[in-house]
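As structure tokens, the structure follows; a few thoughts come after it.
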Amino acid sequence: MNLANRITIARMLLIPVFILFFAEYPLWLTENSRLFGFIHAYGTYIALGVFIFASATDKLDGYIARKMNQITNLGKLLDPLADKLLISVALIMMVQSGMVATWIAVAIIAREFVITGLRMVASEQGIALSADRLGKLKMVLQVTAIAAVLLDNAPFTFIRMVQVDELLMLAAVALTIYSGIHYLLNNVKLIKLS
């Protein structure tokens, strides 16, 4: 297994670490355990660091794969899967914590299912559909919006009239939907759906 694929797998292995620090634990556990007390106090910030680090490895593994000519079919499968898992898990947990509305998570995750389904159909026909620029921009905006929500608008708390984290999340949803429609329209004609 090459270095780029190892980095992708490491990104997937960081997802349970993110869950560990972001999860909400019972009060009796956080009051009676130093470890869980620490997680209760600082877990969201640690989870944010893990999330940002894991997201950054997406650029790193892609760069290494291209630079060292390590592009493989396994990498083509695992890389987008790791991204979708990371974003989906973060959104689901944020919905559970009341940080994000359910419809936001559903819209973003549904788009990923549709595009993944299209790619699977194309793959069965021997067609490789790669991500486009809008898809990559969408990922960056999703990561930025999730990070801003996890920070609870912290860098922008001086702006009382506007919730920057909410605006970023709405922009991420809009771009996610738009990029999904754009991707479908550009690629559905390349495959046979019958």
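Going through the structure tokens in order, the chains are called A, B, and so on, while each chain numbers its residues from 1 and the ligands are numbered from 1 in the order shown.
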* Near Val50 of chain A, within 8 Å and counting only C-alpha atoms, which residues show up once chain neighbours fewer than 4 positions away are dropped, as a ChimeraX atom specification? -> /A:14,17-18,46,54
* Identify, with DSSP run on backbone atoms, the residues in segment 74-189 of chain A assigned to helix (DSSP H, G or I), and express the list as a PyMOL selection string. => chain A and resi 74-96+102-124+133-150+154-156+164-189
* **Nearby residues (only C-alpha atoms) at most 10 Å from Met139 of chain A, same-chain spacing under 2 positions excluded, as a list in words** => Ser55, Asp83, Lys84, Ile87, Arg133, Leu134, Gly135, Lys136, Leu137, Leu141, Gln142, Val143, Thr144, Ala145, Ala172, Leu175 and Thr176 of chain A
* Shell around Pro16 of chain A at 12 Å using only C-alpha atoms, local window under 2 positions removed, as a ChimeraX atom specification -> /A:10-14,18-23,47,50-51,54,85-86,89-90,93
Neighbour list for Thr72 of chain A as a PDB file with N, CA, C and O atoms, in the first residue's frame, cut-off 10 Å, only C-alpha atoms, skip fewer than 2 positions in-chain:
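Below you can see result.pdb, which holds the result:
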```
ATOM      1  N   MET A   1       0.847  -1.183   0.000  1.00  0.00           N
ATOM      2  CA  MET A   1       0.000   0.000   0.000  1.00  0.00           C
ATOM      3  C   MET A   1       0.891   1.245   0.000  1.00  0.00           C
ATOM      4  O   MET A   1       1.823   1.346   0.783  1.00  0.00           O
ATOM      5  N   ASN A   2       0.567   2.176  -0.882  1.00  0.00           N
ATOM      6  CA  ASN A   2       1.420   3.355  -1.013  1.00  0.00           C
ATOM      7  C   ASN A   2       1.097   4.415   0.047  1.00  0.00           C
ATOM      8  O   ASN A   2       0.114   4.307   0.789  1.00  0.00           O
ATOM      9  N   ALA A   4       0.098   7.594  -0.181  1.00  0.00           N
ATOM     10  CA  ALA A   4      -1.146   8.360  -0.350  1.00  0.00           C
ATOM     11  C   ALA A   4      -2.335   7.592   0.217  1.00  0.00           C
ATOM     12  O   ALA A   4      -3.186   8.162   0.916  1.00  0.00           O
ATOM     13  N   ASN A   5      -2.408   6.300  -0.060  1.00  0.00           N
ATOM     14  CA  ASN A   5      -3.518   5.489   0.454  1.00  0.00           C
ATOM     15  C   ASN A   5      -3.446   5.336   1.964  1.00  0.00           C
ATOM     16  O   ASN A   5      -4.474   5.283   2.643  1.00  0.00           O
ATOM     17  N   ALA A  65      -0.230  11.619  -4.127  1.00  0.00           N
ATOM     18  CA  ALA A  65      -0.609  10.668  -5.183  1.00  0.00           C
ATOM     19  C   ALA A  65      -0.209  11.198  -6.563  1.00  0.00           C
ATOM     20  O   ALA A  65       0.309  10.449  -7.399  1.00  0.00           O
ATOM     21  N   ASN A  69       3.227   9.870  -8.401  1.00  0.00           N
ATOM     22  CA  ASN A  69       2.590   8.959  -9.346  1.00  0.00           C
ATOM     23  C   ASN A  69       2.043   7.723  -8.625  1.00  0.00           C
ATOM     24  O   ASN A  69       2.315   6.585  -9.016  1.00  0.00           O
ATOM     25  N   GLN A  70       1.279   7.963  -7.568  1.00  0.00           N
ATOM     26  CA  GLN A  70       0.719   6.884  -6.752  1.00  0.00           C
ATOM     27  C   GLN A  70      -0.803   6.828  -6.845  1.00  0.00           C
ATOM     28  O   GLN A  70      -1.471   6.391  -5.925  1.00  0.00           O
ATOM     29  N   LEU A  74      -7.688   1.871  -5.681  1.00  0.00           N
ATOM     30  CA  LEU A  74      -8.041   1.881  -4.262  1.00  0.00           C
ATOM     31  C   LEU A  74      -8.141   3.314  -3.744  1.00  0.00           C
ATOM     32  O   LEU A  74      -9.073   3.673  -3.026  1.00  0.00           O
ATOM     33  N   GLY A  75      -7.182   4.142  -4.129  1.00  0.00           N
ATOM     34  CA  GLY A  75      -7.195   5.547  -3.731  1.00  0.00           C
ATOM     35  C   GLY A  75      -8.395   6.290  -4.288  1.00  0.00           C
ATOM     36  O   GLY A  75      -9.012   7.113  -3.601  1.00  0.00           O
ATOM     37  N   LYS A  76      -8.753   5.988  -5.540  1.00  0.00           N
ATOM     38  CA  LYS A  76      -9.924   6.624  -6.157  1.00  0.00           C
ATOM     39  C   LYS A  76     -11.209   6.244  -5.427  1.00  0.00           C
ATOM     40  O   LYS A  76     -12.153   7.026  -5.382  1.00  0.00           O
ATOM     41  N   LEU A  77     -11.232   5.044  -4.851  1.00  0.00           N
ATOM     42  CA  LEU A  77     -12.396   4.601  -4.091  1.00  0.00           C
ATOM     43  C   LEU A  77     -12.396   5.187  -2.685  1.00  0.00           C
ATOM     44  O   LEU A  77     -13.397   5.733  -2.220  1.00  0.00           O
ATOM     45  N   LEU A  78     -11.250   5.081  -1.993  1.00  0.00           N
ATOM     46  CA  LEU A  78     -11.187   5.457  -0.579  1.00  0.00           C
ATOM     47  C   LEU A  78     -11.212   6.964  -0.340  1.00  0.00           C
ATOM     48  O   LEU A  78     -11.794   7.420   0.645  1.00  0.00           O
TER      49      LEU A  78
END
```
